[in-house]
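Below is query21.txt, holding compact mmCIF, C-alpha atoms and all ligand atoms.
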```
# COMPACT_ATOMS: atom_id res chain seq x y z
CA MET X 1 -159.65 -155.50 152.00
CA ILE X 2 -159.49 -151.89 153.20
CA ASP X 3 -157.34 -151.06 150.18
CA THR X 4 -160.00 -152.13 147.75
CA LEU X 5 -162.40 -149.70 149.43
CA ALA X 6 -160.00 -146.76 149.16
CA PRO X 7 -160.83 -144.51 146.25
CA THR X 8 -158.57 -144.94 143.27
CA LEU X 9 -156.20 -142.09 142.51
CA SER X 10 -158.42 -141.08 139.63
CA ASP X 11 -161.53 -140.97 141.85
CA PHE X 12 -159.65 -139.05 144.50
CA ILE X 13 -158.44 -136.37 142.08
CA SER X 14 -161.75 -136.23 140.34
CA ARG X 15 -163.49 -135.41 143.65
CA LEU X 16 -161.11 -132.57 144.52
CA PRO X 17 -162.84 -129.22 143.93
CA LYS X 18 -160.40 -127.61 141.50
CA ALA X 19 -160.12 -124.77 139.05
CA GLU X 20 -158.48 -124.68 135.66
CA LEU X 21 -156.49 -121.47 135.23
CA HIS X 22 -154.59 -122.11 131.99
CA LEU X 23 -156.80 -123.22 129.15
CA HIS X 24 -156.82 -121.81 125.62
CA ILE X 25 -160.36 -122.35 124.42
CA GLU X 26 -159.16 -122.62 120.81
CA GLY X 27 -156.89 -125.41 122.05
CA SER X 28 -159.91 -127.46 123.12
CA LEU X 29 -160.95 -127.90 119.47
CA GLU X 30 -161.02 -131.68 119.02
CA PRO X 31 -160.35 -133.04 115.50
CA GLU X 32 -163.93 -134.38 115.29
CA GLN X 33 -165.25 -130.89 116.06
CA MET X 34 -162.84 -129.42 113.52
CA PHE X 35 -164.51 -131.52 110.84
CA ASP X 36 -168.03 -130.65 112.10
CA PHE X 37 -167.34 -126.92 112.07
CA ALA X 38 -165.54 -127.13 108.72
CA ARG X 39 -168.57 -128.89 107.24
CA ARG X 40 -171.13 -126.45 108.55
CA ASN X 41 -169.02 -123.44 107.55
CA ARG X 42 -167.84 -124.89 104.22
CA VAL X 43 -164.18 -124.56 105.15
CA VAL X 44 -161.80 -126.85 103.26
CA LEU X 45 -159.34 -128.64 105.57
CA PRO X 46 -155.92 -129.94 104.51
CA PHE X 47 -156.83 -133.26 106.20
CA ARG X 48 -159.19 -136.02 105.11
CA THR X 49 -159.62 -137.93 108.38
CA VAL X 50 -159.44 -137.46 112.14
CA GLU X 51 -156.50 -139.90 112.14
CA GLU X 52 -154.63 -137.70 109.70
CA VAL X 53 -155.17 -134.71 111.97
CA ARG X 54 -153.97 -136.56 115.04
CA ALA X 55 -150.92 -137.81 113.16
CA ALA X 56 -150.01 -134.18 112.45
CA TYR X 57 -149.89 -133.44 116.20
CA ALA X 58 -146.21 -134.35 116.59
CA PHE X 59 -144.31 -131.35 117.90
CA THR X 60 -140.73 -130.70 118.90
CA ARG X 61 -141.23 -127.11 120.03
CA LEU X 62 -143.87 -124.46 120.66
CA GLN X 63 -143.84 -123.05 117.11
CA ASP X 64 -144.64 -126.46 115.55
CA PHE X 65 -147.80 -126.52 117.63
CA LEU X 66 -148.74 -122.87 117.08
CA ASP X 67 -148.66 -123.25 113.29
CA ILE X 68 -151.20 -126.07 113.37
CA TYR X 69 -153.26 -124.49 116.18
CA TYR X 70 -153.81 -121.27 114.22
CA GLN X 71 -154.72 -123.31 111.16
CA GLY X 72 -157.28 -125.35 113.15
CA ALA X 73 -158.90 -122.19 114.55
CA GLN X 74 -159.91 -121.15 111.03
CA VAL X 75 -162.95 -123.42 111.14
CA LEU X 76 -164.44 -121.22 113.90
CA ARG X 77 -166.63 -118.63 112.23
CA THR X 78 -169.95 -118.04 113.96
CA GLU X 79 -171.16 -117.16 117.44
CA GLU X 80 -172.66 -120.64 117.62
CA ASP X 81 -169.25 -122.21 116.90
CA PHE X 82 -167.64 -120.36 119.80
CA ARG X 83 -170.55 -121.19 122.09
CA ASP X 84 -170.45 -124.89 121.16
CA LEU X 85 -166.67 -125.01 121.54
CA ALA X 86 -166.82 -123.51 125.02
CA LEU X 87 -169.71 -125.67 126.15
CA ALA X 88 -167.98 -128.86 124.97
CA TYR X 89 -164.94 -127.87 127.02
CA PHE X 90 -167.02 -127.21 130.14
CA ARG X 91 -168.71 -130.61 129.71
CA ARG X 92 -165.26 -132.23 129.87
CA LEU X 93 -164.31 -130.12 132.87
CA ALA X 94 -167.48 -131.14 134.71
CA ALA X 95 -166.63 -134.81 134.06
CA ASP X 96 -163.17 -134.18 135.57
CA GLY X 97 -164.58 -132.59 138.72
CA GLY X 98 -163.65 -129.02 137.80
CA VAL X 99 -165.66 -126.31 139.53
CA HIS X 100 -164.29 -123.17 137.90
CA ALA X 101 -162.25 -122.17 134.83
CA GLU X 102 -160.52 -119.02 133.66
CA ILE X 103 -160.31 -119.46 129.92
CA PHE X 104 -158.00 -117.71 127.48
CA PHE X 105 -159.10 -116.63 124.04
CA ASP X 106 -157.03 -115.18 121.20
CA PRO X 107 -159.21 -112.53 119.50
CA GLN X 108 -156.50 -111.57 117.00
CA THR X 109 -156.55 -115.09 115.54
CA HIS X 110 -160.14 -114.38 114.54
CA THR X 111 -160.30 -110.63 113.87
CA GLY X 112 -157.24 -111.07 111.63
CA ARG X 113 -159.38 -113.17 109.25
CA GLY X 114 -162.44 -110.93 109.38
CA ILE X 115 -164.43 -112.44 112.27
CA PRO X 116 -165.74 -109.56 114.42
CA PHE X 117 -164.61 -109.39 118.06
CA ALA X 118 -168.29 -109.47 119.10
CA VAL X 119 -168.92 -112.83 117.38
CA VAL X 120 -166.09 -114.42 119.37
CA ALA X 121 -166.88 -112.77 122.70
CA ASP X 122 -170.68 -113.22 122.53
CA GLY X 123 -170.28 -116.88 121.58
CA LEU X 124 -167.84 -117.64 124.40
CA LEU X 125 -169.93 -115.73 126.95
CA ALA X 126 -173.01 -117.71 125.86
CA GLY X 127 -171.08 -120.96 126.39
CA MET X 128 -169.97 -119.78 129.82
CA ALA X 129 -173.53 -118.91 130.82
CA ALA X 130 -174.76 -122.31 129.61
CA ALA X 131 -171.99 -124.04 131.61
CA ARG X 132 -173.16 -122.29 134.74
CA ASP X 133 -176.74 -123.43 134.12
CA GLN X 134 -175.98 -126.98 133.00
CA PHE X 135 -172.97 -127.93 135.14
CA GLY X 136 -172.81 -125.31 137.92
CA ILE X 137 -169.33 -124.37 136.69
CA THR X 138 -168.28 -120.74 137.13
CA SER X 139 -165.84 -119.16 134.70
CA ARG X 140 -163.95 -116.03 133.74
CA LEU X 141 -162.67 -114.82 130.39
CA ILE X 142 -159.07 -113.72 129.77
CA LEU X 143 -158.17 -111.96 126.53
CA CYS X 144 -154.70 -112.91 125.29
CA PHE X 145 -152.58 -110.67 123.09
CA LEU X 146 -150.56 -112.52 120.46
CA ARG X 147 -146.98 -111.63 121.24
CA HIS X 148 -145.68 -112.31 117.70
CA LEU X 149 -147.78 -109.30 116.61
CA ASP X 150 -146.87 -105.73 117.51
CA GLU X 151 -147.86 -103.38 120.30
CA ASP X 152 -150.21 -101.39 118.05
CA ALA X 153 -152.16 -104.55 117.26
CA ALA X 154 -152.47 -105.28 120.98
CA PHE X 155 -153.75 -101.75 121.64
CA ALA X 156 -156.28 -102.13 118.78
CA THR X 157 -157.48 -105.39 120.36
CA LEU X 158 -157.90 -103.73 123.75
CA ALA X 159 -159.94 -101.00 122.04
CA ALA X 160 -162.12 -103.62 120.28
CA ALA X 161 -162.73 -105.23 123.67
CA GLU X 162 -163.89 -101.98 125.25
CA PRO X 163 -167.66 -102.77 125.11
CA TYR X 164 -166.94 -106.13 126.82
CA LEU X 165 -164.62 -105.04 129.61
CA ASP X 166 -167.31 -105.60 132.23
CA ARG X 167 -167.35 -109.27 131.16
CA ILE X 168 -163.61 -109.80 130.62
CA THR X 169 -161.60 -110.39 133.79
CA GLY X 170 -158.08 -109.98 132.55
CA VAL X 171 -155.54 -109.93 129.78
CA GLY X 172 -152.76 -112.39 129.02
CA LEU X 173 -149.88 -112.83 126.63
CA ASP X 174 -149.37 -115.92 124.49
CA SER X 175 -147.98 -117.28 121.19
CA SER X 176 -144.28 -117.39 120.16
CA GLU X 177 -142.32 -116.55 123.30
CA VAL X 178 -138.66 -116.43 122.30
CA GLY X 179 -137.87 -113.10 120.63
CA ASN X 180 -141.07 -111.51 121.94
CA PRO X 181 -140.28 -110.57 125.55
CA PRO X 182 -142.86 -109.18 127.97
CA ALA X 183 -141.16 -105.75 127.72
CA LYS X 184 -142.70 -105.37 124.25
CA PHE X 185 -146.15 -105.18 125.89
CA ALA X 186 -145.43 -103.14 129.03
CA ARG X 187 -147.52 -100.16 127.88
CA VAL X 188 -150.57 -102.12 126.79
CA PHE X 189 -150.51 -104.08 130.05
CA ARG X 190 -150.41 -100.76 131.93
CA ALA X 191 -153.44 -99.59 129.92
CA ALA X 192 -155.25 -102.84 130.75
CA ARG X 193 -154.49 -102.45 134.45
CA ASP X 194 -155.78 -98.86 134.30
CA ARG X 195 -159.07 -100.29 133.02
CA GLY X 196 -159.34 -102.56 136.04
CA LEU X 197 -158.27 -105.77 134.30
CA ARG X 198 -156.21 -108.50 135.97
CA LEU X 199 -152.90 -109.40 134.33
CA VAL X 200 -151.31 -112.74 133.46
CA ALA X 201 -148.61 -113.69 130.96
CA HIS X 202 -146.94 -116.78 129.55
CA ALA X 203 -143.29 -116.61 130.59
CA GLY X 204 -140.52 -119.14 131.07
CA GLU X 205 -142.12 -121.83 128.91
CA GLU X 206 -139.36 -121.69 126.28
CA GLY X 207 -138.10 -118.22 127.16
CA PRO X 208 -135.31 -117.57 129.70
CA PRO X 209 -135.70 -116.55 133.36
CA GLU X 210 -135.16 -112.94 132.23
CA TYR X 211 -138.64 -113.05 130.64
CA VAL X 212 -140.12 -114.10 133.97
CA TRP X 213 -138.40 -111.17 135.70
CA GLN X 214 -139.89 -108.89 133.04
CA ALA X 215 -143.39 -110.34 133.50
CA LEU X 216 -143.11 -109.52 137.21
CA ASP X 217 -141.32 -106.17 137.04
CA LEU X 218 -142.46 -104.64 133.75
CA LEU X 219 -145.94 -106.11 133.38
CA GLY X 220 -146.81 -106.53 137.06
CA VAL X 221 -148.61 -109.82 136.51
CA ASP X 222 -151.05 -111.21 139.07
CA ARG X 223 -150.30 -114.75 137.92
CA LEU X 224 -147.67 -116.45 135.79
CA ASP X 225 -148.43 -118.95 133.01
CA HIS X 226 -145.97 -121.87 132.85
CA GLY X 227 -142.91 -120.34 134.57
CA ASN X 228 -140.92 -123.60 134.37
CA ARG X 229 -137.63 -121.95 133.49
CA ALA X 230 -137.82 -119.65 136.53
CA LEU X 231 -136.36 -122.58 138.45
CA GLU X 232 -133.02 -122.02 136.67
CA ASP X 233 -132.64 -118.84 138.76
CA ALA X 234 -132.56 -119.32 142.55
CA ALA X 235 -133.26 -115.64 143.32
CA LEU X 236 -136.25 -115.65 141.00
CA THR X 237 -137.58 -118.90 142.48
CA GLY X 238 -137.20 -117.40 145.96
CA ARG X 239 -139.12 -114.32 144.91
CA LEU X 240 -141.99 -116.35 143.41
CA GLY X 241 -142.29 -118.28 146.66
CA ALA X 242 -142.02 -115.20 148.89
CA GLU X 243 -144.64 -113.29 146.90
CA GLY X 244 -147.01 -116.25 146.78
CA MET X 245 -147.16 -116.01 142.98
CA THR X 246 -149.39 -118.63 141.38
CA LEU X 247 -147.87 -120.57 138.46
CA THR X 248 -150.23 -122.22 135.98
CA VAL X 249 -148.24 -125.32 135.07
CA CYS X 250 -149.22 -127.62 132.19
CA PRO X 251 -147.53 -131.05 132.44
CA LEU X 252 -148.82 -132.74 129.26
CA SER X 253 -148.27 -129.56 127.23
CA ASN X 254 -144.68 -129.41 128.46
CA LEU X 255 -144.18 -133.03 127.49
CA LYS X 256 -145.72 -132.66 124.02
CA LEU X 257 -143.75 -129.48 123.25
CA CYS X 258 -140.50 -131.00 124.53
CA VAL X 259 -140.15 -128.41 127.30
CA VAL X 260 -139.34 -131.43 129.50
CA PRO X 261 -137.76 -134.70 128.33
CA SER X 262 -140.24 -136.80 130.34
CA LEU X 263 -142.97 -136.33 132.93
CA GLU X 264 -140.63 -137.90 135.48
CA ALA X 265 -138.30 -134.94 134.89
CA HIS X 266 -141.08 -132.36 135.20
CA PRO X 267 -140.37 -129.55 137.73
CA LEU X 268 -143.89 -129.59 139.26
CA ARG X 269 -142.90 -131.49 142.38
CA ARG X 270 -139.77 -129.38 142.80
CA MET X 271 -141.92 -126.26 142.63
CA LEU X 272 -144.10 -127.55 145.48
CA ASP X 273 -141.04 -128.54 147.51
CA LEU X 274 -139.63 -125.03 147.05
CA GLY X 275 -142.85 -123.42 148.28
CA VAL X 276 -143.95 -122.14 144.87
CA ARG X 277 -147.73 -122.07 144.38
CA ALA X 278 -147.99 -124.33 141.37
CA THR X 279 -151.27 -125.43 139.80
CA VAL X 280 -152.05 -128.11 137.21
CA ASN X 281 -153.74 -127.24 133.92
CA ALA X 282 -154.33 -128.62 130.42
CA ASP X 283 -153.27 -125.65 128.20
CA ASP X 284 -154.50 -126.99 124.81
CA PRO X 285 -156.03 -130.37 125.68
CA ALA X 286 -157.16 -131.34 122.17
CA TYR X 287 -153.57 -131.00 120.95
CA PHE X 288 -151.62 -132.27 123.95
CA GLY X 289 -153.49 -135.47 124.74
CA GLY X 290 -155.35 -134.80 127.96
CA TYR X 291 -157.79 -132.66 129.91
CA LEU X 292 -157.48 -131.50 133.51
CA LEU X 293 -157.89 -134.86 135.25
CA ASP X 294 -155.38 -136.53 132.90
CA ASN X 295 -152.84 -133.83 133.66
CA TYR X 296 -153.22 -134.38 137.41
CA LEU X 297 -153.19 -138.15 137.06
CA ARG X 298 -150.21 -138.42 134.74
CA ALA X 299 -148.17 -135.93 136.80
CA ALA X 300 -149.16 -137.60 140.08
CA THR X 301 -148.08 -141.00 138.78
CA ALA X 302 -144.83 -139.88 137.16
CA LEU X 303 -143.76 -137.73 140.13
CA ASP X 304 -145.24 -139.94 142.86
CA LEU X 305 -147.20 -137.04 144.33
CA SER X 306 -148.85 -137.64 147.68
CA ARG X 307 -152.53 -137.02 148.32
CA ALA X 308 -151.55 -134.03 150.47
CA GLN X 309 -149.64 -132.61 147.50
CA LEU X 310 -152.64 -133.16 145.21
CA ILE X 311 -154.85 -131.33 147.69
CA GLN X 312 -152.26 -128.55 147.76
CA LEU X 313 -152.36 -128.27 143.97
CA ALA X 314 -156.15 -128.04 144.00
CA ARG X 315 -155.99 -125.49 146.84
CA ASN X 316 -153.52 -123.39 144.84
CA SER X 317 -155.92 -123.42 141.89
CA ILE X 318 -158.68 -121.95 144.05
CA THR X 319 -156.57 -119.37 145.89
CA GLY X 320 -154.80 -118.42 142.64
CA SER X 321 -158.09 -117.85 140.81
CA PHE X 322 -159.79 -114.51 140.29
CA LEU X 323 -162.86 -115.69 142.22
CA ASP X 324 -163.87 -113.43 145.09
CA ALA X 325 -163.04 -114.42 148.68
CA ASP X 326 -166.52 -115.86 149.41
CA ALA X 327 -166.52 -118.12 146.37
CA GLN X 328 -162.96 -119.26 147.15
CA ALA X 329 -163.94 -120.01 150.75
CA THR X 330 -166.84 -122.22 149.62
CA HIS X 331 -164.49 -124.39 147.56
CA LEU X 332 -161.78 -124.42 150.24
CA VAL X 333 -164.20 -125.67 152.89
CA ARG X 334 -164.98 -128.66 150.66
CA LEU X 335 -161.28 -129.24 149.98
CA ASP X 336 -160.44 -129.16 153.69
CA ALA X 337 -163.05 -131.82 154.29
CA MET X 338 -161.37 -134.25 151.84
CA PRO X 339 -160.01 -137.39 153.49
CA ARG X 340 -156.23 -137.46 153.09
N1 LIG W 1 -147.75 -121.19 124.74
C1 LIG W 1 -147.83 -120.06 124.04
N2 LIG W 1 -148.89 -119.75 123.32
C2 LIG W 1 -149.93 -120.57 123.31
C3 LIG W 1 -149.90 -121.75 124.01
C4 LIG W 1 -148.75 -122.07 124.77
O1 LIG W 1 -148.64 -123.10 125.44
N3 LIG W 1 -151.08 -122.35 123.76
C5 LIG W 1 -151.80 -121.55 122.95
N4 LIG W 1 -151.08 -120.46 122.66
ZN ZN W 2 -150.78 -121.62 127.24
```

Show this structure as C-alpha cells.
Ligand code: HPA
Ligand code: ZN
Amino acid sequence: MIDTLAPTLSDFISRLPKAELHLHIEGSLEPEQMFDFARRNRVVLPFRTVEEVRAAYAFTRLQDFLDIYYQGAQVLRTEEDFRDLALAYFRRLAADGGVHAEIFFDPQTHTGRGIPFAVVADGLLAGMAAARDQFGITSRLILCFLRHLDEDAAFATLAAAEPYLDRITGVGLDSSEVGNPPAKFARVFRAARDRGLRLVAHAGEEGPPEYVWQALDLLGVDRLDHGNRALEDAALTGRLGAEGMTLTVCPLSNLKLCVVPSLEAHPLRRMLDLGVRATVNADDPAYFGGYLLDNYLRAATALDLSRAQLIQLARNSITGSFLDADAQATHLVRLDAMPR
C-alpha cells in the first residue's frame, strides 16, 4: 500500500528544483511552430506536413542534424517570432518543474540571412521577461559562435552584441565540432572574458579529448557542454572532477546523434561515479524527442539512477549555473528538503 503512495519517478523528478544549462533556443522550434511561423512570414518550406518534418529527423551524426536545424531556423524572422519561441520553451520548462534556464542562441544563423542582431536579442529578452512574470522562471542568455565560421565572423558577432552585453551572460561555441577545434576561437574568447562574459563551449561531443583539453586550457571555460569523450582520457577525467567542472550532458541528443549506441551505454552514471559534476539537459528538444523531464526520466530508467543520484544531478544544475550565490541557495534549500 505504501508503494502506491510513493510519488512516481516522473513526479519525483518533476518536483526537483532544477536548471537547464544546455538548450539551444532554435532547437526548441517544434514542427507545428515551424509551419505557423512560415505561414505568418510567407516562407516556403520543403515539407508539406508535420509528419514529413518529423520523418526527416533521422540522424546518424551531428552534421545531419545541423543541416536541418539551420534550415528550420529560417522561418524565424521577427522579434515576435523569437519572443514566442522562447516563451513556448519556458512554458514546457515550467511544466517539467524547471526553475531556471541558461539558453543558447546562434546570432550568426540569423544575421547571415539579413535579420538584425537586435531583432533576435530583443525578441528573446522579451520572452525571458514574460517567462519570469508568467512562470517565475529565471533565465540567462548565452551567445554561441558558430565554429564552422571563421574567427573574424565571431569577432564581428561580439561587436554586434556590444549594446546587449549587460543582458548577455556569456558566450559559447557550437555547430560542427570535428575540424573546428576550440583553439580557433582562443582570441575571441579572451576578448569576451575581458568584457566580463562567462565562457562555455561544446567539446567532446564528437570531437576527441584533445578538444576538451583545449576548451579548458586555451579558452578557459567556466563550464563544458557535452564532454562525453573526456572519459576516454583518465587524466582529463581526473582534472574535471578535481576542478569541479560542470558538464552539461544531453542524453536524448546523444542517442539521436549516435554519440552513444543506446541510453543504457550512456556515460552519465559513470560521470557521477567518477565525481564529475554532470547535469542533464535537452539540447535541441524539438529535434531529439524530449524536453528536460524526458531526458531525466529516460536516463534514470536506462541507467537505473537512484533518487540520491537524481537529486545530485539537480544540485549540479543549480551550483553549475551562473545564478548568484543567494539565488542558488534558495533552490538548494528546497532540494535539500526533498524526501529521498
Ligand atoms: N552540437 C553542436 N552544435 C549544436 C548542437 C549540438 O548538439 N545543437 C545546436 N547546435
Ligand atoms: Zn548543444

Environment of ligand ZN 2 (chain W) within 8 Å, counting only C-alpha atoms and all ligand atoms, reported as a list in words: His22, Leu23, His24, Asp174, Ser175, His202, Asp225, His226, Cys250, Asp283 and Asp284 of chain X

Nearest candidate to ligand LIG 1 (chain W) (options X:Gly27, X:Gly207, X:Pro267, X:Gly127; using only C-alpha atoms and all ligand atoms):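 Of all the options, X:Gly27 lies closest to ligand LIG 1 (chain W).
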
Sel. within 12 Å of pt (-170.4, -120.1, 136.7), counting all atoms listed in the file, output as a ChimeraX atom specification: /X:19,87,90,94,98-102,125-141,323,327

Nearest candidate to Gly196 in chain X (options X:Leu257, X:Ala314, X:Leu274, X:Leu165; using all atoms listed in the file):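 When distances to Gly196 in chain X are compared using all atoms listed in the file, the smallest one comes from X:Leu165.
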
Of the listed residues X:Phe117, X:Tyr89, X:Trp213, X:Phe105, that which approaches ligand LIG 1 (chain W) most closely, counting only C-alpha atoms and all ligand atoms: X:Phe105

Separation of CA of Leu21 in chain X from CA of Ser317 in chain X in Å: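 According to the coordinates, CA of Ser317 in chain X and CA of Leu21 in chain X are separated by 7.0 Å.
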
Using all atoms listed in the file: which of X:Ala286, X:Ala337, X:Ile13, X:Leu272 has the shortest distance to ligand LIG 1 (chain W): X:Ala286

X:Tyr287, X:Ala230, X:Leu93, X:Arg42 ranked by distance to Tyr70 in chain X, top pick (using all atoms listed in the file):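 Of X:Tyr287, X:Ala230, X:Leu93, X:Arg42, the one nearest Tyr70 in chain X, counting all atoms listed in the file, is X:Tyr287.
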
Of the listed residues X:Cys258, X:Ala278, X:Ala55, X:Leu216, that which approaches ligand LIG 1 (chain W) most closely, counting only C-alpha atoms and all ligand atoms: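 Checking each of X:Cys258, X:Ala278, X:Ala55, X:Leu216 against ligand LIG 1 (chain W), counting only C-alpha atoms and all ligand atoms, the winner is X:Cys258.
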
Selection as an MDAnalysis selection string: residues within 12 Å of (-146.1, -118.0, 123.8), counting all atoms listed in the file: chainID X and resid 24 61:66 106 144:149 172:182 201:207 211 225:227 257 283

Atomic distance CA of Pro208 in chain X - atom O1 of ligand LIG 1 (chain W), expressed in Å with one decimal: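 Going from CA of Pro208 in chain X over to atom O1 of ligand LIG 1 (chain W) covers 15.0 Å.
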
Separation of CA of Leu76 in chain X from CA of Phe47 in chain X, in Å and rounded to one decimal: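 For CA of Leu76 in chain X relative to CA of Phe47 in chain X, the distance reads 16.2 Å.
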
Residue neighbourhood Val119 in chain X, 10 Å, only C-alpha atoms, exclusion window fewer than 2 positions, as a list in words: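 The filter keeps Arg77, Thr78, Glu79, Glu80, Asp81, Phe82, Arg83, Pro107, His110, Thr111, Ile115, Pro116, Phe117, Ala121, Asp122, Gly123 and Leu124 of chain X.
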
Test item: residues at most 9 Å from Leu231 in chain X, all atoms listed in the file, excluding those fewer than 5 positions along its chain, as a PyMOL selection string: chain X and resi 209+236-237+267+270-271

Spatial neighbours of Ile168 in chain X, max dist 9 Å, all atoms listed in the file, sep filter under 2 positions, as number ranges by chain: X: 140-143, 161, 164-166, 170-171, 197
